[in-house]
Amino acid sequence: MLNNPSPSRVSQRLGTQTAGLLSISQFARYTGISRSALIYYDRSGIFHPAWRDPQNNYRYYLPEQIITVNLISVLTEIGIPLKRIKELSSQRTTHNILDLFNEHSATLQEHIDELECSKKLVDVFSDLLIKGKTANIREITVETMPAWDIRVGPETRFVVEGDFFRPFLEFCTWAEEQGLNISFPIGGYFDDFEGFCARPGSPEHFFLLLDLDDGSGKEQDVLTAYSRGFYGQPGDIAQRMHAALTQKELEATGPVLNIYLEDEISVADPRQYLMLATVPVRQKKVRS
């Protein structure tokens with residue numbers, strides 16, 4: 001059986017009764033499995049001690065049984081039912097064990113992928129919060145930064161000015177249909193600076209921010225500006241950015257991205273939500 005050592009191996013250890021065996025408390029300490037769990041494993045036929053003292057009924061284990069019970073612990077942690085583990089006790093073969101491992105390898109990979117996604121999600125939100133915490137919201141500056149890893153959705157349809165959430169929910173539906181995780185931050189995307197200036201509270205698209213670095217190694221100069229207010233209420237940020245472009249003799253060369261660094265996740269007052277707007281820029285060419 002998977003968990004029962006042969007009588008001969010036990011007798012070799014019983015020269016002086018329990019010599020070479022581990023008490024249940026010792027075994028629990030070495031394995032990190034509680035006494036109550038070991039007793040349950042024994043009573044349910046999943047994992048038996050090597051020997052039971054007929055006088056006091058104490059349980060004793062062989063040291064090599066640590067390997068087996070640790071495997072059982074791992075199998076339970078990855079969701080294999082105890083009933084399935086018990087079946088292996090009476091049907092232990094290399095083939096059966098391999099079948100079990102292959103069966104749950106895909107499940108483990110799914111768990112790994114989920115954990116990696118959760119870690120990335122936490123990292124992205126942390127990066128945004130740090131950026132918001134250190135931002136000088138009164139200044140409009142040019143920063144050199146990597147391109148963001150984003151997924152841009154279809155064109156939005158703002159039927160009524162200020163009707164922000166209907167197209168937002170349409171984007172969420174689209175993203176889920178694409179198999180994207182809408183737990184990542186969602187921002188507003190404008191095809192060009194002119195479109196942003198025309199309707200700064202109505203993005204032409206929404207996008208998912210998957211990372212603040214797309215991994216390409218490429219960097220770009222972007223004009224950055226900040227605004228406080230509820231979703232779809234960017235205030236005068238477009239006018240201020242336009243004035244900054246003129247003052248700095250710059251021209252916008254790409255899409256405008258809006259993302260909230262601080263919102264309902266970290267701020268109680270919606271009027272104090274902090275939005276970052278960025279647009280790639282370059283120096284204006286001097287006409288001869």
# chains A, B, ... in the order shown; residues from 1 in each chain; ligands from 1
>>> residues_around(residues="Tyr61 in chain A", least_positions_apart="2", cutoff="6 Å", atoms="only C-alpha atoms", output="list of chain:residue names")
A:Leu21, A:Leu22, A:Pro49, A:Ala50
>>> write_last_selection(atoms="C-alpha atoms", output="compact mmCIF listing (two decimals), in the first residue's frame")
# COMPACT_ATOMS: atom_id res chain seq x y z
CA LEU A 21 10.58 4.99 15.19
CA LEU A 22 9.05 8.44 15.59
CA PRO A 49 1.46 4.62 11.13
CA ALA A 50 4.15 1.98 10.87
>>> residues_around(residues="Gly187 in chain A", least_positions_apart="3", cutoff="9 Å", atoms="only C-alpha atoms", output="number ranges by chain")
A: 203, 205-209, 257-260
>>> closest_residue(among="A:Ala277, A:Leu98, A:Met145, A:Ala135", to="Arg240 in chain A", atoms="only C-alpha atoms")
A:Ala277
>>> select_by_dssp(residues="range 126-266 of chain A", states="helix (DSSP H, G or I)", output="ChimeraX atom specification")
/A:126-134,165-177,193-198,237-247
>>> write_last_selection(atoms="N, CA, C and O atoms", output="short mmCIF file (atom, residue, chain, number, x, y, z; two decimals), in the first residue's frame")
data_model
loop_
_atom_site.label_atom_id
_atom_site.label_comp_id
_atom_site.auth_asym_id
_atom_site.auth_seq_id
_atom_site.Cartn_x
_atom_site.Cartn_y
_atom_site.Cartn_z
N SER A 126 0.35 49.30 -7.82
CA SER A 126 1.35 49.91 -6.94
C SER A 126 2.15 50.97 -7.68
O SER A 126 2.41 52.06 -7.14
N ASP A 127 2.54 50.67 -8.93
CA ASP A 127 3.28 51.64 -9.73
C ASP A 127 2.47 52.92 -9.94
O ASP A 127 3.02 54.04 -9.88
N LEU A 128 1.18 52.78 -10.20
CA LEU A 128 0.35 53.96 -10.40
C LEU A 128 0.24 54.78 -9.12
O LEU A 128 0.31 56.02 -9.15
N LEU A 129 0.05 54.10 -8.00
CA LEU A 129 -0.07 54.81 -6.73
C LEU A 129 1.22 55.53 -6.37
O LEU A 129 1.20 56.67 -5.87
N ILE A 130 2.36 54.89 -6.62
CA ILE A 130 3.65 55.54 -6.35
C ILE A 130 3.83 56.76 -7.24
O ILE A 130 4.29 57.82 -6.79
N LYS A 131 3.44 56.61 -8.50
CA LYS A 131 3.54 57.74 -9.43
C LYS A 131 2.65 58.89 -8.96
O LYS A 131 3.05 60.07 -9.00
N GLY A 132 1.46 58.57 -8.49
CA GLY A 132 0.56 59.61 -7.99
C GLY A 132 1.07 60.25 -6.72
O GLY A 132 0.94 61.46 -6.52
N LYS A 133 1.68 59.45 -5.86
CA LYS A 133 2.19 59.96 -4.58
C LYS A 133 3.34 60.92 -4.78
O LYS A 133 3.53 61.86 -3.99
N THR A 134 4.13 60.71 -5.82
CA THR A 134 5.32 61.54 -6.05
C THR A 134 5.09 62.62 -7.10
O THR A 134 6.00 63.38 -7.40
N PHE A 165 -20.39 55.99 -18.39
CA PHE A 165 -20.35 54.60 -17.95
C PHE A 165 -20.94 53.62 -18.95
O PHE A 165 -20.58 52.45 -18.95
N ARG A 166 -21.85 54.05 -19.81
CA ARG A 166 -22.39 53.10 -20.80
C ARG A 166 -21.30 52.62 -21.74
O ARG A 166 -21.12 51.41 -21.90
N PRO A 167 -20.53 53.51 -22.39
CA PRO A 167 -19.43 53.01 -23.23
C PRO A 167 -18.34 52.30 -22.43
O PRO A 167 -17.69 51.39 -22.94
N PHE A 168 -18.17 52.70 -21.17
CA PHE A 168 -17.20 52.01 -20.31
C PHE A 168 -17.61 50.55 -20.11
O PHE A 168 -16.78 49.63 -20.23
N LEU A 169 -18.89 50.32 -19.84
CA LEU A 169 -19.38 48.95 -19.65
C LEU A 169 -19.31 48.16 -20.96
O LEU A 169 -19.06 46.95 -20.95
N GLU A 170 -19.53 48.83 -22.08
CA GLU A 170 -19.40 48.17 -23.38
C GLU A 170 -17.97 47.70 -23.59
O GLU A 170 -17.72 46.61 -24.13
N PHE A 171 -17.01 48.53 -23.18
CA PHE A 171 -15.60 48.12 -23.27
C PHE A 171 -15.33 46.91 -22.39
O PHE A 171 -14.62 45.98 -22.81
N CYS A 172 -15.86 46.91 -21.17
CA CYS A 172 -15.65 45.77 -20.27
C CYS A 172 -16.18 44.48 -20.88
O CYS A 172 -15.55 43.43 -20.79
N THR A 173 -17.35 44.58 -21.52
CA THR A 173 -17.93 43.40 -22.18
C THR A 173 -17.02 42.93 -23.31
O THR A 173 -16.75 41.73 -23.46
N TRP A 174 -16.53 43.88 -24.10
CA TRP A 174 -15.62 43.54 -25.20
C TRP A 174 -14.36 42.88 -24.67
O TRP A 174 -13.89 41.87 -25.21
N ALA A 175 -13.76 43.45 -23.63
CA ALA A 175 -12.52 42.92 -23.08
C ALA A 175 -12.69 41.50 -22.57
O ALA A 175 -11.83 40.64 -22.79
N GLU A 176 -13.79 41.23 -21.89
CA GLU A 176 -14.05 39.88 -21.41
C GLU A 176 -14.21 38.91 -22.57
O GLU A 176 -13.76 37.77 -22.50
N GLU A 177 -14.87 39.35 -23.63
CA GLU A 177 -15.02 38.49 -24.81
C GLU A 177 -13.67 38.18 -25.44
O GLU A 177 -13.50 37.13 -26.08
N PHE A 193 -4.08 64.41 -30.33
CA PHE A 193 -4.25 65.49 -29.36
C PHE A 193 -5.46 66.37 -29.71
O PHE A 193 -6.14 66.90 -28.81
N GLU A 194 -5.74 66.53 -30.99
CA GLU A 194 -6.89 67.34 -31.40
C GLU A 194 -8.19 66.74 -30.87
O GLU A 194 -9.07 67.46 -30.38
N GLY A 195 -8.32 65.40 -30.97
CA GLY A 195 -9.52 64.75 -30.46
C GLY A 195 -9.65 64.89 -28.96
O GLY A 195 -10.75 65.03 -28.41
N PHE A 196 -8.51 64.85 -28.28
CA PHE A 196 -8.50 65.02 -26.82
C PHE A 196 -8.97 66.43 -26.45
O PHE A 196 -9.78 66.60 -25.53
N CYS A 197 -8.47 67.43 -27.15
CA CYS A 197 -8.85 68.80 -26.84
C CYS A 197 -10.34 69.05 -27.13
O CYS A 197 -11.00 69.83 -26.44
N ALA A 198 -10.88 68.38 -28.14
CA ALA A 198 -12.28 68.58 -28.51
C ALA A 198 -13.22 68.02 -27.45
O ALA A 198 -14.21 68.67 -27.08
N ILE A 237 -7.58 70.33 -18.08
CA ILE A 237 -6.28 69.72 -18.38
C ILE A 237 -5.91 69.86 -19.86
O ILE A 237 -4.74 70.07 -20.19
N ALA A 238 -6.88 69.78 -20.75
CA ALA A 238 -6.59 69.88 -22.18
C ALA A 238 -6.06 71.27 -22.53
O ALA A 238 -5.07 71.41 -23.27
N GLN A 239 -6.70 72.30 -21.99
CA GLN A 239 -6.23 73.66 -22.25
C GLN A 239 -4.83 73.88 -21.69
O GLN A 239 -3.98 74.52 -22.33
N ARG A 240 -4.56 73.38 -20.51
CA ARG A 240 -3.25 73.55 -19.89
C ARG A 240 -2.17 72.82 -20.69
O ARG A 240 -1.05 73.31 -20.84
N MET A 241 -2.49 71.62 -21.18
CA MET A 241 -1.53 70.88 -21.99
C MET A 241 -1.27 71.59 -23.31
O MET A 241 -0.13 71.64 -23.80
N HIS A 242 -2.32 72.15 -23.89
CA HIS A 242 -2.16 72.88 -25.15
C HIS A 242 -1.25 74.09 -24.95
O HIS A 242 -0.35 74.37 -25.77
N ALA A 243 -1.45 74.79 -23.83
CA ALA A 243 -0.61 75.95 -23.54
C ALA A 243 0.84 75.54 -23.30
O ALA A 243 1.77 76.23 -23.73
N ALA A 244 1.03 74.39 -22.65
CA ALA A 244 2.38 73.91 -22.39
C ALA A 244 3.10 73.54 -23.68
O ALA A 244 4.30 73.79 -23.83
N LEU A 245 2.38 72.95 -24.62
CA LEU A 245 2.99 72.61 -25.90
C LEU A 245 3.47 73.87 -26.62
O LEU A 245 4.57 73.89 -27.19
N THR A 246 2.64 74.89 -26.58
CA THR A 246 3.02 76.14 -27.24
C THR A 246 4.22 76.78 -26.55
O THR A 246 5.18 77.22 -27.21
N GLN A 247 4.18 76.80 -25.23
CA GLN A 247 5.25 77.43 -24.48
C GLN A 247 6.58 76.72 -24.66
O GLN A 247 7.63 77.34 -24.78
#
>>> atom_distance(atom1="CA of Leu71 in chain A", atom2="CA of Leu115 in chain A")
22.1 Å
>>> closest_residue(among="A:Ile182, A:Leu62, A:Leu88, A:Met275", to="Gly45 in chain A", atoms="only C-alpha atoms")
A:Leu88
>>> residues_around(residues="Gly229 in chain A", least_positions_apart="6", cutoff="6 Å", atoms="only C-alpha atoms", output="VMD selection string")
chain A and resid 271 to 273
>>> write_last_selection(atoms="N, CA and C atoms", output="compact mmCIF listing (two decimals), in the first residue's frame")
# COMPACT_ATOMS: atom_id res chain seq x y z
N ARG A 271 -14.09 63.72 -5.85
CA ARG A 271 -13.58 64.98 -6.41
C ARG A 271 -12.06 65.04 -6.37
N GLN A 272 -11.45 64.14 -5.59
CA GLN A 272 -10.00 64.14 -5.44
C GLN A 272 -9.32 63.02 -6.21
N TYR A 273 -10.07 62.30 -7.07
CA TYR A 273 -9.43 61.31 -7.91
C TYR A 273 -8.36 61.99 -8.76
>>> closest_residue(among="A:Leu210, A:Ile137, A:Ile112, A:Ile72", to="Leu180 in chain A", atoms="only C-alpha atoms")
A:Leu210
>>> atom_distance(atom1="CA of Gln283 in chain A", atom2="CA of Lys248 in chain A")
8.2 Å
>>> closest_residue(among="A:Val279, A:Leu212, A:Arg199, A:Phe190", to="Thr224 in chain A", atoms="only C-alpha atoms")
A:Val279
>>> closest_residue(among="A:Asp191, A:Asp149, A:Glu87, A:Asp263", to="Gly217 in chain A", atoms="only C-alpha atoms")
A:Asp149
>>> select_by_dssp(residues="range 29-128 of chain A", states="strand (DSSP E)", output="list in words")
Trp51, Arg52, Arg59, Tyr60 and Tyr61 of chain A
>>> atom_distance(atom1="CA of Ala252 in chain A", atom2="CA of Phe164 in chain A")
25.4 Å
>>> residues_around(residues="Lys284 in chain A", least_positions_apart="5", cutoff="9 Å", atoms="only C-alpha atoms", output="number ranges by chain")
A: 249-251
>>> write_last_selection(atoms="all heavy atoms", output="PDB file, in the first residue's frame")
ATOM      1  N   GLU A 249       7.383  74.883 -27.181  1.00  0.00           N
ATOM      2  CA  GLU A 249       7.638  74.705 -28.613  1.00  0.00           C
ATOM      3  C   GLU A 249       7.720  73.222 -28.977  1.00  0.00           C
ATOM      4  O   GLU A 249       8.659  72.751 -29.611  1.00  0.00           O
ATOM      5  CB  GLU A 249       8.919  75.446 -29.032  1.00  0.00           C
ATOM      6  CG  GLU A 249       8.831  76.955 -28.839  1.00  0.00           C
ATOM      7  CD  GLU A 249      10.067  77.674 -29.354  1.00  0.00           C
ATOM      8  OE1 GLU A 249      11.119  77.018 -29.519  1.00  0.00           O
ATOM      9  OE2 GLU A 249       9.976  78.886 -29.606  1.00  0.00           O
ATOM     10  N   LEU A 250       6.677  72.502 -28.561  1.00  0.00           N
ATOM     11  CA  LEU A 250       6.579  71.078 -28.830  1.00  0.00           C
ATOM     12  C   LEU A 250       5.357  70.808 -29.696  1.00  0.00           C
ATOM     13  O   LEU A 250       4.424  71.610 -29.757  1.00  0.00           O
ATOM     14  CB  LEU A 250       6.461  70.288 -27.515  1.00  0.00           C
ATOM     15  CG  LEU A 250       7.612  70.418 -26.519  1.00  0.00           C
ATOM     16  CD1 LEU A 250       7.230  69.753 -25.203  1.00  0.00           C
ATOM     17  CD2 LEU A 250       8.884  69.790 -27.084  1.00  0.00           C
ATOM     18  N   GLU A 251       5.360  69.637 -30.325  1.00  0.00           N
ATOM     19  CA  GLU A 251       4.172  69.184 -31.040  1.00  0.00           C
ATOM     20  C   GLU A 251       3.856  67.751 -30.626  1.00  0.00           C
ATOM     21  O   GLU A 251       4.757  66.936 -30.407  1.00  0.00           O
ATOM     22  CB  GLU A 251       4.367  69.275 -32.553  1.00  0.00           C
ATOM     23  CG  GLU A 251       5.512  68.469 -33.112  1.00  0.00           C
ATOM     24  CD  GLU A 251       5.644  68.653 -34.616  1.00  0.00           C
ATOM     25  OE1 GLU A 251       4.752  69.266 -35.227  1.00  0.00           O
ATOM     26  OE2 GLU A 251       6.636  68.164 -35.194  1.00  0.00           O
TER      27      GLU A 251
END
>>> decode(residues="range 12-89 of chain A", atoms="C-alpha atoms", output="mmCIF file, in the first residue's frame")
data_model
loop_
_atom_site.group_PDB
_atom_site.id
_atom_site.type_symbol
_atom_site.label_atom_id
_atom_site.label_comp_id
_atom_site.auth_asym_id
_atom_site.auth_seq_id
_atom_site.Cartn_x
_atom_site.Cartn_y
_atom_site.Cartn_z
ATOM 1 C CA GLN A 12 13.895 -4.364 11.915
ATOM 2 C CA ARG A 13 13.301 -1.097 13.762
ATOM 3 C CA LEU A 14 11.747 -2.703 16.864
ATOM 4 C CA GLY A 15 14.811 -4.149 18.499
ATOM 5 C CA THR A 16 13.914 -2.308 21.672
ATOM 6 C CA GLN A 17 10.238 -1.654 21.089
ATOM 7 C CA THR A 18 10.149 1.845 19.515
ATOM 8 C CA ALA A 19 13.855 2.212 18.679
ATOM 9 C CA GLY A 20 14.250 4.024 15.349
ATOM 10 C CA LEU A 21 10.578 4.987 15.192
ATOM 11 C CA LEU A 22 9.050 8.435 15.593
ATOM 12 C CA SER A 23 6.177 9.181 17.927
ATOM 13 C CA ILE A 24 3.193 10.927 16.385
ATOM 14 C CA SER A 25 4.270 14.211 18.011
ATOM 15 C CA GLN A 26 7.769 13.898 16.572
ATOM 16 C CA PHE A 27 6.407 12.924 13.185
ATOM 17 C CA ALA A 28 4.030 15.896 13.227
ATOM 18 C CA ARG A 29 6.920 18.214 14.078
ATOM 19 C CA TYR A 30 9.094 16.922 11.236
ATOM 20 C CA THR A 31 6.331 17.048 8.634
ATOM 21 C CA GLY A 32 4.390 20.112 9.721
ATOM 22 C CA ILE A 33 1.189 18.046 9.613
ATOM 23 C CA SER A 34 -0.910 18.261 12.766
ATOM 24 C CA ARG A 35 -1.491 15.272 15.049
ATOM 25 C CA SER A 36 -5.226 15.556 14.404
ATOM 26 C CA ALA A 37 -4.641 15.332 10.636
ATOM 27 C CA LEU A 38 -2.389 12.287 11.053
ATOM 28 C CA ILE A 39 -5.011 10.600 13.222
ATOM 29 C CA TYR A 40 -7.662 11.396 10.603
ATOM 30 C CA TYR A 41 -5.462 9.985 7.830
ATOM 31 C CA ASP A 42 -5.064 6.793 9.858
ATOM 32 C CA ARG A 43 -8.749 6.362 10.688
ATOM 33 C CA SER A 44 -9.857 7.061 7.116
ATOM 34 C CA GLY A 45 -7.355 4.600 5.637
ATOM 35 C CA ILE A 46 -5.314 7.215 3.770
ATOM 36 C CA PHE A 47 -2.064 6.961 5.699
ATOM 37 C CA HIS A 48 -1.310 4.543 8.541
ATOM 38 C CA PRO A 49 1.462 4.621 11.135
ATOM 39 C CA ALA A 50 4.151 1.981 10.873
ATOM 40 C CA TRP A 51 3.198 0.509 14.220
ATOM 41 C CA ARG A 52 0.529 0.815 16.886
ATOM 42 C CA ASP A 53 1.505 -0.096 20.438
ATOM 43 C CA PRO A 54 -1.030 -2.783 21.444
ATOM 44 C CA GLN A 55 -0.869 -1.731 25.097
ATOM 45 C CA ASN A 56 -1.502 2.015 24.844
ATOM 46 C CA ASN A 57 -2.488 2.312 21.165
ATOM 47 C CA TYR A 58 0.178 4.985 20.539
ATOM 48 C CA ARG A 59 1.095 5.562 16.897
ATOM 49 C CA TYR A 60 4.695 5.307 15.661
ATOM 50 C CA TYR A 61 6.165 6.092 12.237
ATOM 51 C CA LEU A 62 9.216 5.191 10.203
ATOM 52 C CA PRO A 63 11.359 8.173 9.135
ATOM 53 C CA GLU A 64 10.962 7.282 5.465
ATOM 54 C CA GLN A 65 7.212 7.734 5.835
ATOM 55 C CA ILE A 66 7.889 11.475 5.928
ATOM 56 C CA ILE A 67 8.368 11.284 2.153
ATOM 57 C CA THR A 68 4.976 9.663 1.619
ATOM 58 C CA VAL A 69 2.973 11.901 3.923
ATOM 59 C CA ASN A 70 4.590 15.021 2.492
ATOM 60 C CA LEU A 71 3.481 13.909 -0.953
ATOM 61 C CA ILE A 72 -0.041 13.354 0.383
ATOM 62 C CA SER A 73 0.038 16.864 1.835
ATOM 63 C CA VAL A 74 1.070 18.323 -1.539
ATOM 64 C CA LEU A 75 -1.632 16.363 -3.343
ATOM 65 C CA THR A 76 -4.318 17.679 -0.991
ATOM 66 C CA GLU A 77 -3.024 21.243 -1.367
ATOM 67 C CA ILE A 78 -3.436 21.129 -5.151
ATOM 68 C CA GLY A 79 -6.991 19.940 -4.771
ATOM 69 C CA ILE A 80 -6.789 16.179 -5.265
ATOM 70 C CA PRO A 81 -9.630 14.622 -3.240
ATOM 71 C CA LEU A 82 -8.663 12.417 -0.318
ATOM 72 C CA LYS A 83 -10.827 9.689 -1.825
ATOM 73 C CA ARG A 84 -8.589 9.671 -4.909
ATOM 74 C CA ILE A 85 -5.460 9.569 -2.745
ATOM 75 C CA LYS A 86 -6.902 6.680 -0.758
ATOM 76 C CA GLU A 87 -7.493 4.735 -3.963
ATOM 77 C CA LEU A 88 -3.768 4.915 -4.656
ATOM 78 C CA SER A 89 -3.123 3.200 -1.336
#
